[in-house]
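A.B. asks: Structure file model-v6.txt, compact mmCIF, N, CA and C atoms, is pasted below:
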# COMPACT_ATOMS: atom_id res chain seq x y z
N ILE A 1 123.46 114.33 117.90
CA ILE A 1 124.17 114.07 119.14
C ILE A 1 123.45 114.77 120.29
N ALA A 2 122.91 115.95 120.03
CA ALA A 2 122.22 116.69 121.09
C ALA A 2 121.04 115.91 121.65
N SER A 3 120.39 115.10 120.83
CA SER A 3 119.24 114.34 121.31
C SER A 3 119.66 113.23 122.27
N LEU A 4 120.93 112.88 122.30
CA LEU A 4 121.41 111.84 123.20
C LEU A 4 121.70 112.38 124.59
N VAL A 5 121.85 113.67 124.73
CA VAL A 5 122.25 114.27 126.00
C VAL A 5 121.30 113.92 127.14
N PRO A 6 119.96 114.04 126.99
CA PRO A 6 119.09 113.70 128.12
C PRO A 6 119.25 112.26 128.59
N VAL A 7 119.39 111.33 127.66
CA VAL A 7 119.55 109.92 128.03
C VAL A 7 120.88 109.71 128.73
N CYS A 8 121.94 110.31 128.19
CA CYS A 8 123.27 110.17 128.80
C CYS A 8 123.28 110.76 130.20
N LEU A 9 122.69 111.93 130.38
CA LEU A 9 122.66 112.54 131.71
C LEU A 9 121.87 111.69 132.70
N ASP A 10 120.78 111.13 132.23
CA ASP A 10 119.97 110.26 133.08
C ASP A 10 120.79 109.05 133.51
N ASP A 11 121.52 108.47 132.57
CA ASP A 11 122.36 107.31 132.88
C ASP A 11 123.49 107.68 133.84
N ILE A 12 124.13 108.81 133.62
CA ILE A 12 125.25 109.24 134.47
C ILE A 12 124.78 109.40 135.91
N ASN A 13 123.59 109.94 136.08
CA ASN A 13 123.06 110.11 137.44
C ASN A 13 122.81 108.79 138.14
N ARG A 14 122.66 107.71 137.39
CA ARG A 14 122.39 106.40 137.97
C ARG A 14 123.66 105.57 138.20
N ILE A 15 124.79 106.00 137.68
CA ILE A 15 126.03 105.22 137.78
C ILE A 15 126.50 105.18 139.22
N THR A 16 126.72 103.95 139.70
CA THR A 16 127.20 103.78 141.08
C THR A 16 128.38 102.81 141.16
N THR A 17 128.78 102.26 140.01
CA THR A 17 129.86 101.27 140.03
C THR A 17 130.85 101.53 138.90
N THR A 18 131.99 100.89 139.00
CA THR A 18 132.99 100.95 137.94
C THR A 18 132.44 100.34 136.66
N ALA A 19 131.68 99.27 136.78
CA ALA A 19 131.07 98.65 135.60
C ALA A 19 130.12 99.63 134.92
N GLY A 20 129.44 100.43 135.71
CA GLY A 20 128.54 101.44 135.15
C GLY A 20 129.29 102.49 134.36
N VAL A 21 130.44 102.90 134.86
CA VAL A 21 131.27 103.87 134.14
C VAL A 21 131.75 103.26 132.83
N LYS A 22 132.19 102.01 132.88
CA LYS A 22 132.65 101.31 131.67
C LYS A 22 131.53 101.24 130.63
N SER A 23 130.35 100.90 131.09
CA SER A 23 129.19 100.81 130.20
C SER A 23 128.88 102.17 129.58
N ALA A 24 128.95 103.23 130.37
CA ALA A 24 128.68 104.57 129.85
C ALA A 24 129.70 104.96 128.79
N ILE A 25 130.96 104.62 129.00
CA ILE A 25 132.00 104.92 128.01
C ILE A 25 131.73 104.16 126.72
N LEU A 26 131.36 102.89 126.83
CA LEU A 26 131.05 102.10 125.64
C LEU A 26 129.87 102.69 124.86
N ARG A 27 128.86 103.19 125.58
CA ARG A 27 127.70 103.80 124.92
C ARG A 27 128.11 105.05 124.15
N VAL A 28 128.96 105.88 124.75
CA VAL A 28 129.41 107.09 124.08
C VAL A 28 130.20 106.73 122.83
N MET A 29 131.07 105.73 122.94
CA MET A 29 131.86 105.30 121.78
C MET A 29 130.96 104.76 120.67
N TYR A 30 129.96 103.97 121.06
CA TYR A 30 129.02 103.42 120.08
C TYR A 30 128.28 104.54 119.36
N ASP A 31 127.77 105.49 120.11
CA ASP A 31 127.03 106.60 119.50
C ASP A 31 127.92 107.41 118.57
N PHE A 32 129.16 107.64 118.96
CA PHE A 32 130.10 108.36 118.12
C PHE A 32 130.34 107.60 116.81
N CYS A 33 130.55 106.30 116.91
CA CYS A 33 130.77 105.47 115.70
C CYS A 33 129.55 105.49 114.79
N ARG A 34 128.35 105.46 115.37
CA ARG A 34 127.12 105.51 114.56
C ARG A 34 127.03 106.84 113.82
N GLN A 35 127.43 107.94 114.46
CA GLN A 35 127.42 109.24 113.80
C GLN A 35 128.40 109.26 112.64
N ILE A 36 129.60 108.73 112.85
CA ILE A 36 130.60 108.66 111.78
C ILE A 36 130.07 107.82 110.62
N GLU A 37 129.48 106.67 110.95
CA GLU A 37 128.93 105.79 109.92
C GLU A 37 127.85 106.49 109.10
N SER A 38 127.00 107.23 109.77
CA SER A 38 125.90 107.89 109.06
C SER A 38 126.42 108.97 108.12
N HIS A 39 127.60 109.52 108.41
CA HIS A 39 128.16 110.56 107.54
C HIS A 39 129.00 109.97 106.40
N SER A 40 129.21 108.67 106.41
CA SER A 40 130.03 108.07 105.37
C SER A 40 129.21 107.27 104.36
N GLN A 41 127.95 107.58 104.24
CA GLN A 41 127.07 106.87 103.31
C GLN A 41 127.15 107.52 101.93
N ASN A 42 128.20 107.25 101.21
CA ASN A 42 128.43 107.89 99.92
C ASN A 42 127.61 107.29 98.78
N ASP A 43 126.89 106.22 99.03
CA ASP A 43 126.11 105.60 97.98
C ASP A 43 124.72 106.21 97.81
N HIS A 44 124.41 107.26 98.58
CA HIS A 44 123.13 107.93 98.48
C HIS A 44 123.33 109.40 98.14
N SER A 45 122.29 109.99 97.61
CA SER A 45 122.34 111.42 97.29
C SER A 45 122.31 112.25 98.57
N VAL A 46 122.67 113.50 98.44
CA VAL A 46 122.70 114.40 99.59
C VAL A 46 121.34 114.49 100.27
N PRO A 47 120.23 114.62 99.55
CA PRO A 47 118.93 114.69 100.24
C PRO A 47 118.60 113.43 101.06
N VAL A 48 118.96 112.28 100.53
CA VAL A 48 118.69 111.04 101.26
C VAL A 48 119.59 110.94 102.49
N ILE A 49 120.84 111.31 102.36
CA ILE A 49 121.74 111.33 103.52
C ILE A 49 121.22 112.31 104.56
N ARG A 50 120.78 113.48 104.12
CA ARG A 50 120.23 114.47 105.05
C ARG A 50 118.98 113.93 105.76
N ALA A 51 118.15 113.22 105.01
CA ALA A 51 116.93 112.63 105.60
C ALA A 51 117.30 111.61 106.67
N ARG A 52 118.25 110.74 106.36
CA ARG A 52 118.67 109.71 107.32
C ARG A 52 119.31 110.34 108.55
N ASN A 53 120.12 111.34 108.34
CA ASN A 53 120.75 112.02 109.47
C ASN A 53 119.71 112.74 110.34
N TYR A 54 118.72 113.33 109.68
CA TYR A 54 117.65 114.01 110.42
C TYR A 54 116.92 113.00 111.32
N ILE A 55 116.60 111.86 110.76
CA ILE A 55 115.92 110.82 111.55
C ILE A 55 116.80 110.41 112.72
N ALA A 56 118.06 110.12 112.46
CA ALA A 56 118.98 109.67 113.52
C ALA A 56 119.12 110.71 114.63
N GLN A 57 119.10 111.97 114.26
CA GLN A 57 119.28 113.04 115.25
C GLN A 57 117.99 113.38 116.00
N HIS A 58 116.86 112.89 115.52
CA HIS A 58 115.58 113.24 116.14
C HIS A 58 114.79 112.02 116.61
N LEU A 59 115.48 110.94 116.93
CA LEU A 59 114.79 109.72 117.36
C LEU A 59 113.93 109.94 118.60
N TYR A 60 114.32 110.87 119.44
CA TYR A 60 113.59 111.13 120.68
C TYR A 60 112.51 112.20 120.50
N ASP A 61 112.34 112.68 119.28
CA ASP A 61 111.35 113.71 118.98
C ASP A 61 110.25 113.14 118.09
N GLU A 62 109.14 113.85 118.03
CA GLU A 62 108.13 113.50 117.04
C GLU A 62 108.73 113.81 115.67
N ILE A 63 108.65 112.88 114.75
CA ILE A 63 109.19 113.09 113.40
C ILE A 63 108.07 112.89 112.40
N SER A 64 107.89 113.85 111.52
CA SER A 64 106.93 113.68 110.43
C SER A 64 107.68 113.73 109.11
N VAL A 65 107.10 113.12 108.11
CA VAL A 65 107.70 113.15 106.78
C VAL A 65 107.76 114.60 106.29
N LYS A 66 106.80 115.40 106.69
CA LYS A 66 106.80 116.81 106.32
C LYS A 66 108.03 117.52 106.89
N ASP A 67 108.37 117.23 108.15
CA ASP A 67 109.57 117.82 108.77
C ASP A 67 110.83 117.42 108.00
N ILE A 68 110.91 116.16 107.64
CA ILE A 68 112.07 115.66 106.89
C ILE A 68 112.15 116.34 105.53
N ALA A 69 111.01 116.44 104.85
CA ALA A 69 110.98 117.08 103.54
C ALA A 69 111.44 118.53 103.63
N GLU A 70 110.95 119.25 104.61
CA GLU A 70 111.36 120.65 104.79
C GLU A 70 112.86 120.75 105.08
N HIS A 71 113.36 119.86 105.90
CA HIS A 71 114.78 119.85 106.24
C HIS A 71 115.63 119.61 104.98
N CYS A 72 115.13 118.79 104.08
CA CYS A 72 115.87 118.44 102.87
C CYS A 72 115.59 119.39 101.70
N GLY A 73 114.62 120.29 101.86
CA GLY A 73 114.29 121.22 100.80
C GLY A 73 113.50 120.60 99.66
N PHE A 74 112.68 119.61 99.98
CA PHE A 74 111.87 118.90 98.98
C PHE A 74 110.42 118.93 99.41
N SER A 75 109.54 118.63 98.46
CA SER A 75 108.15 118.41 98.82
C SER A 75 108.05 117.02 99.45
N VAL A 76 106.96 116.77 100.15
CA VAL A 76 106.76 115.47 100.80
C VAL A 76 106.83 114.34 99.78
N SER A 77 106.10 114.50 98.68
CA SER A 77 106.07 113.41 97.69
C SER A 77 107.44 113.23 97.02
N ALA A 78 108.15 114.32 96.78
CA ALA A 78 109.46 114.21 96.13
C ALA A 78 110.47 113.50 97.02
N ILE A 79 110.51 113.82 98.31
CA ILE A 79 111.48 113.17 99.19
C ILE A 79 111.10 111.71 99.42
N GLN A 80 109.80 111.44 99.51
CA GLN A 80 109.37 110.04 99.68
C GLN A 80 109.78 109.21 98.46
N HIS A 81 109.55 109.74 97.29
CA HIS A 81 109.89 109.02 96.06
C HIS A 81 111.39 108.80 95.97
N ARG A 82 112.15 109.85 96.19
CA ARG A 82 113.62 109.75 96.07
C ARG A 82 114.18 108.79 97.12
N TYR A 83 113.68 108.87 98.33
CA TYR A 83 114.15 108.00 99.41
C TYR A 83 113.86 106.54 99.09
N LYS A 84 112.65 106.27 98.65
CA LYS A 84 112.25 104.89 98.30
C LYS A 84 113.08 104.38 97.13
N GLU A 85 113.31 105.23 96.15
CA GLU A 85 114.08 104.85 94.97
C GLU A 85 115.52 104.48 95.33
N GLU A 86 116.13 105.25 96.22
CA GLU A 86 117.54 105.02 96.57
C GLU A 86 117.77 103.97 97.65
N THR A 87 116.82 103.85 98.59
CA THR A 87 117.05 102.94 99.71
C THR A 87 116.23 101.66 99.62
N GLY A 88 115.16 101.69 98.83
CA GLY A 88 114.27 100.54 98.76
C GLY A 88 113.32 100.46 99.95
N SER A 89 113.32 101.47 100.77
CA SER A 89 112.49 101.50 101.97
C SER A 89 111.74 102.83 102.05
N THR A 90 110.74 102.88 102.90
CA THR A 90 110.02 104.14 103.08
C THR A 90 110.60 104.89 104.27
N LEU A 91 110.35 106.17 104.32
CA LEU A 91 110.80 106.98 105.45
C LEU A 91 110.18 106.48 106.75
N LYS A 92 108.88 106.22 106.74
CA LYS A 92 108.20 105.77 107.96
C LYS A 92 108.78 104.45 108.45
N HIS A 93 109.05 103.54 107.52
CA HIS A 93 109.65 102.26 107.91
C HIS A 93 111.02 102.47 108.54
N ASP A 94 111.83 103.32 107.95
CA ASP A 94 113.17 103.54 108.48
C ASP A 94 113.16 104.31 109.79
N ILE A 95 112.18 105.18 109.99
CA ILE A 95 112.05 105.85 111.29
C ILE A 95 111.83 104.79 112.37
N THR A 96 110.91 103.88 112.11
CA THR A 96 110.64 102.80 113.07
C THR A 96 111.85 101.91 113.24
N ALA A 97 112.50 101.53 112.15
CA ALA A 97 113.67 100.65 112.23
C ALA A 97 114.80 101.30 113.03
N MET A 98 115.03 102.58 112.81
CA MET A 98 116.09 103.26 113.56
C MET A 98 115.73 103.39 115.04
N ARG A 99 114.47 103.59 115.32
CA ARG A 99 114.04 103.66 116.72
C ARG A 99 114.18 102.30 117.40
N ILE A 100 113.86 101.24 116.69
CA ILE A 100 114.02 99.90 117.25
C ILE A 100 115.51 99.60 117.46
N GLU A 101 116.34 100.01 116.52
CA GLU A 101 117.79 99.83 116.68
C GLU A 101 118.28 100.56 117.94
N LYS A 102 117.81 101.78 118.14
CA LYS A 102 118.17 102.54 119.34
C LYS A 102 117.62 101.84 120.58
N ALA A 103 116.41 101.30 120.50
CA ALA A 103 115.83 100.57 121.63
C ALA A 103 116.69 99.36 121.99
N CYS A 104 117.17 98.65 120.99
CA CYS A 104 118.05 97.49 121.23
C CYS A 104 119.30 97.93 121.99
N TYR A 105 119.86 99.01 121.55
CA TYR A 105 121.05 99.56 122.20
C TYR A 105 120.75 99.91 123.65
N LEU A 106 119.65 100.61 123.88
CA LEU A 106 119.29 101.02 125.24
C LEU A 106 118.98 99.81 126.13
N LEU A 107 118.33 98.80 125.57
CA LEU A 107 118.04 97.59 126.34
C LEU A 107 119.32 96.86 126.74
N GLN A 108 120.30 96.88 125.85
CA GLN A 108 121.54 96.17 126.11
C GLN A 108 122.47 96.92 127.07
N TYR A 109 122.55 98.23 126.91
CA TYR A 109 123.58 98.98 127.62
C TYR A 109 123.09 99.90 128.74
N THR A 110 121.80 99.95 128.98
CA THR A 110 121.30 100.80 130.07
C THR A 110 120.35 99.99 130.93
N SER A 111 119.95 100.58 132.02
CA SER A 111 118.97 99.94 132.91
C SER A 111 117.58 100.53 132.72
N ILE A 112 117.38 101.27 131.64
CA ILE A 112 116.08 101.89 131.37
C ILE A 112 115.08 100.79 131.01
N SER A 113 113.90 100.84 131.58
CA SER A 113 112.87 99.83 131.30
C SER A 113 112.36 99.99 129.88
N TYR A 114 111.86 98.91 129.32
CA TYR A 114 111.37 99.02 127.94
C TYR A 114 110.11 99.87 127.86
N THR A 115 109.39 100.02 128.96
CA THR A 115 108.24 100.94 128.97
C THR A 115 108.73 102.37 128.80
N ASP A 116 109.79 102.71 129.53
CA ASP A 116 110.36 104.06 129.43
C ASP A 116 111.01 104.28 128.06
N ILE A 117 111.66 103.25 127.54
CA ILE A 117 112.26 103.35 126.20
C ILE A 117 111.18 103.63 125.16
N ALA A 118 110.08 102.92 125.25
CA ALA A 118 108.96 103.13 124.31
C ALA A 118 108.48 104.57 124.37
N TYR A 119 108.35 105.09 125.58
CA TYR A 119 107.91 106.47 125.76
C TYR A 119 108.93 107.46 125.19
N ARG A 120 110.21 107.26 125.52
CA ARG A 120 111.26 108.17 125.06
C ARG A 120 111.40 108.18 123.54
N LEU A 121 111.22 107.02 122.93
CA LEU A 121 111.36 106.93 121.47
C LEU A 121 110.06 107.22 120.72
N ARG A 122 109.10 107.76 121.44
CA ARG A 122 107.85 108.28 120.86
C ARG A 122 106.93 107.22 120.24
N PHE A 123 106.95 106.01 120.78
CA PHE A 123 105.94 105.04 120.35
C PHE A 123 104.65 105.39 121.07
N CYS A 124 103.53 105.25 120.39
CA CYS A 124 102.26 105.72 120.94
C CYS A 124 101.79 104.93 122.15
N SER A 125 102.25 103.69 122.29
CA SER A 125 101.90 102.88 123.45
C SER A 125 102.94 101.78 123.64
N GLN A 126 102.94 101.21 124.81
CA GLN A 126 103.86 100.12 125.10
C GLN A 126 103.54 98.91 124.22
N SER A 127 102.27 98.62 124.02
CA SER A 127 101.91 97.45 123.21
C SER A 127 102.30 97.65 121.74
N TYR A 128 102.17 98.87 121.23
CA TYR A 128 102.60 99.14 119.86
C TYR A 128 104.12 98.99 119.74
N PHE A 129 104.85 99.47 120.74
CA PHE A 129 106.30 99.32 120.75
C PHE A 129 106.68 97.84 120.72
N ILE A 130 106.04 97.04 121.56
CA ILE A 130 106.35 95.60 121.60
C ILE A 130 106.06 94.96 120.25
N LYS A 131 104.93 95.32 119.65
CA LYS A 131 104.56 94.77 118.33
C LYS A 131 105.60 95.14 117.28
N GLN A 132 106.01 96.41 117.24
CA GLN A 132 107.00 96.85 116.25
C GLN A 132 108.37 96.23 116.54
N PHE A 133 108.73 96.15 117.80
CA PHE A 133 110.01 95.55 118.18
C PHE A 133 110.07 94.11 117.71
N LYS A 134 108.99 93.37 117.95
CA LYS A 134 108.95 91.96 117.56
C LYS A 134 108.97 91.81 116.03
N ALA A 135 108.30 92.72 115.33
CA ALA A 135 108.29 92.66 113.86
C ALA A 135 109.69 92.86 113.29
N VAL A 136 110.49 93.70 113.92
CA VAL A 136 111.83 94.00 113.43
C VAL A 136 112.85 92.97 113.90
N THR A 137 112.78 92.57 115.17
CA THR A 137 113.83 91.70 115.74
C THR A 137 113.43 90.23 115.84
N GLY A 138 112.13 89.95 115.77
CA GLY A 138 111.68 88.57 115.91
C GLY A 138 111.47 88.15 117.36
N MET A 139 111.64 89.10 118.29
CA MET A 139 111.42 88.80 119.71
C MET A 139 110.90 90.03 120.43
N THR A 140 110.37 89.82 121.61
CA THR A 140 109.87 90.94 122.40
C THR A 140 111.05 91.67 123.03
N PRO A 141 110.84 92.90 123.52
CA PRO A 141 111.93 93.61 124.19
C PRO A 141 112.48 92.82 125.39
N GLY A 142 111.60 92.19 126.15
CA GLY A 142 112.04 91.39 127.30
C GLY A 142 112.90 90.21 126.87
N GLN A 143 112.48 89.52 125.82
CA GLN A 143 113.27 88.40 125.31
C GLN A 143 114.63 88.88 124.80
N TYR A 144 114.63 90.01 124.12
CA TYR A 144 115.87 90.57 123.60
C TYR A 144 116.81 90.92 124.75
N GLN A 145 116.28 91.57 125.76
CA GLN A 145 117.08 91.99 126.90
C GLN A 145 117.68 90.77 127.62
N ASN A 146 116.89 89.73 127.78
CA ASN A 146 117.40 88.50 128.42
C ASN A 146 118.50 87.86 127.58
N LYS A 147 118.37 87.93 126.27
CA LYS A 147 119.35 87.34 125.37
C LYS A 147 120.69 88.09 125.41
N VAL A 148 120.63 89.41 125.35
CA VAL A 148 121.87 90.19 125.23
C VAL A 148 122.55 90.42 126.57
N ARG A 149 121.86 90.28 127.64
CA ARG A 149 122.46 90.52 128.96
C ARG A 149 123.04 89.27 129.58
N VAL A 150 122.91 88.13 128.94
CA VAL A 150 123.43 86.89 129.50
C VAL A 150 124.92 86.79 129.28
So, in terms of structure tokens, how does the structure I just supplied come out?
C.D. replies:
Amino acid sequence: IASLVPVCLDDINRITTTAGVKSAILRVMYDFCRQIESHSQNDHSVPVIRARNYIAQHLYDEISVKDIAEHCGFSVSAIQHRYKEETGSTLKHDITAMRIEKACYLLQYTSISYTDIAYRLRFCSQSYFIKQFKAVTGMTPGQYQNKVRV
């Protein structure tokens, strides 16, 4: 939740209308629900839940598999194996997927440009962000934004 504070404060400073206040309230509710959902994943082991929560809480930070492993008290290879075994996905893939999910949310509910979103979510370049976004959603960030804002 702490990683959301800079984005929320930035958005609050830009609010000039009643619709903006409504949108900010919806974003806070959405983020709260996502946190509750992430804590109710009883079909995974504690280390995998901790790994997923770590990723969700550090989307705006540089995240390495080593950091996740240390947070979970495992070696890099052990957490990678366990995560893949339980989720069917890799840590790196899920880091990207969660960042793209957050980008979708930001594109829909904020006025932040996708260039700024790419930077905030630690993609190495705007073109890499667009490529990853399209791989996950099937459309570019601009196409997605036009679709959800209509």
A.B. asks: Could you please determine the separation between atom N of Ile55 in chain A and atom C of Ala24 in chain A in Å, to one decimal place?
C.D. replies: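 Atom-to-atom, atom N of Ile55 in chain A to atom C of Ala24 in chain A, that is 23.3 Å.
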A.B. asks: If you measure from atom N of Asp61 in chain A to atom N of Lys22 in chain A, what distance in Å do you get, rounded to one decimal?
C.D. replies: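 That distance, rounded to one decimal, is 26.3 Å.
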A.B. asks: Within 6.5 Å of (103.9, 114.7, 101.3) (file coordinates; all atoms listed in the file), which protein or nucleic acid residues are there? I'd like them as a list of chain:residue names.
C.D. replies: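 Nearby residues: A:Val65, A:Lys66, A:Ser75, A:Val76, A:Ser77, A:Ala78.
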A.B. asks: For a test of reading the model, state the distance in Å between CA of Thr110 in chain A and CA of Met29 in chain A, rounded to one decimal.
C.D. replies: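 CA of Met29 in chain A lies at a distance of 14.2 Å from CA of Thr110 in chain A.
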A.B. asks: Report, as lines of an AutoDock Vina configuration file, the axis-aligned box around all atoms of range 46-59 of chain A present in the file, extended by 4 Å on each side; give centre and edge lengths in Å to one decimal place.
C.D. replies:
center_x = 118.3
center_y = 112.2
center_z = 108.5
size_x = 16.8
size_y = 13.0
size_z = 28.2
A.B. asks: Using backbone DSSP assignments, extract all helix (DSSP H, G or I) residues from range 62-99 of chain A; output them as an MDAnalysis selection string.
C.D. replies: chainID A and resid 65:72 76:87 91:99
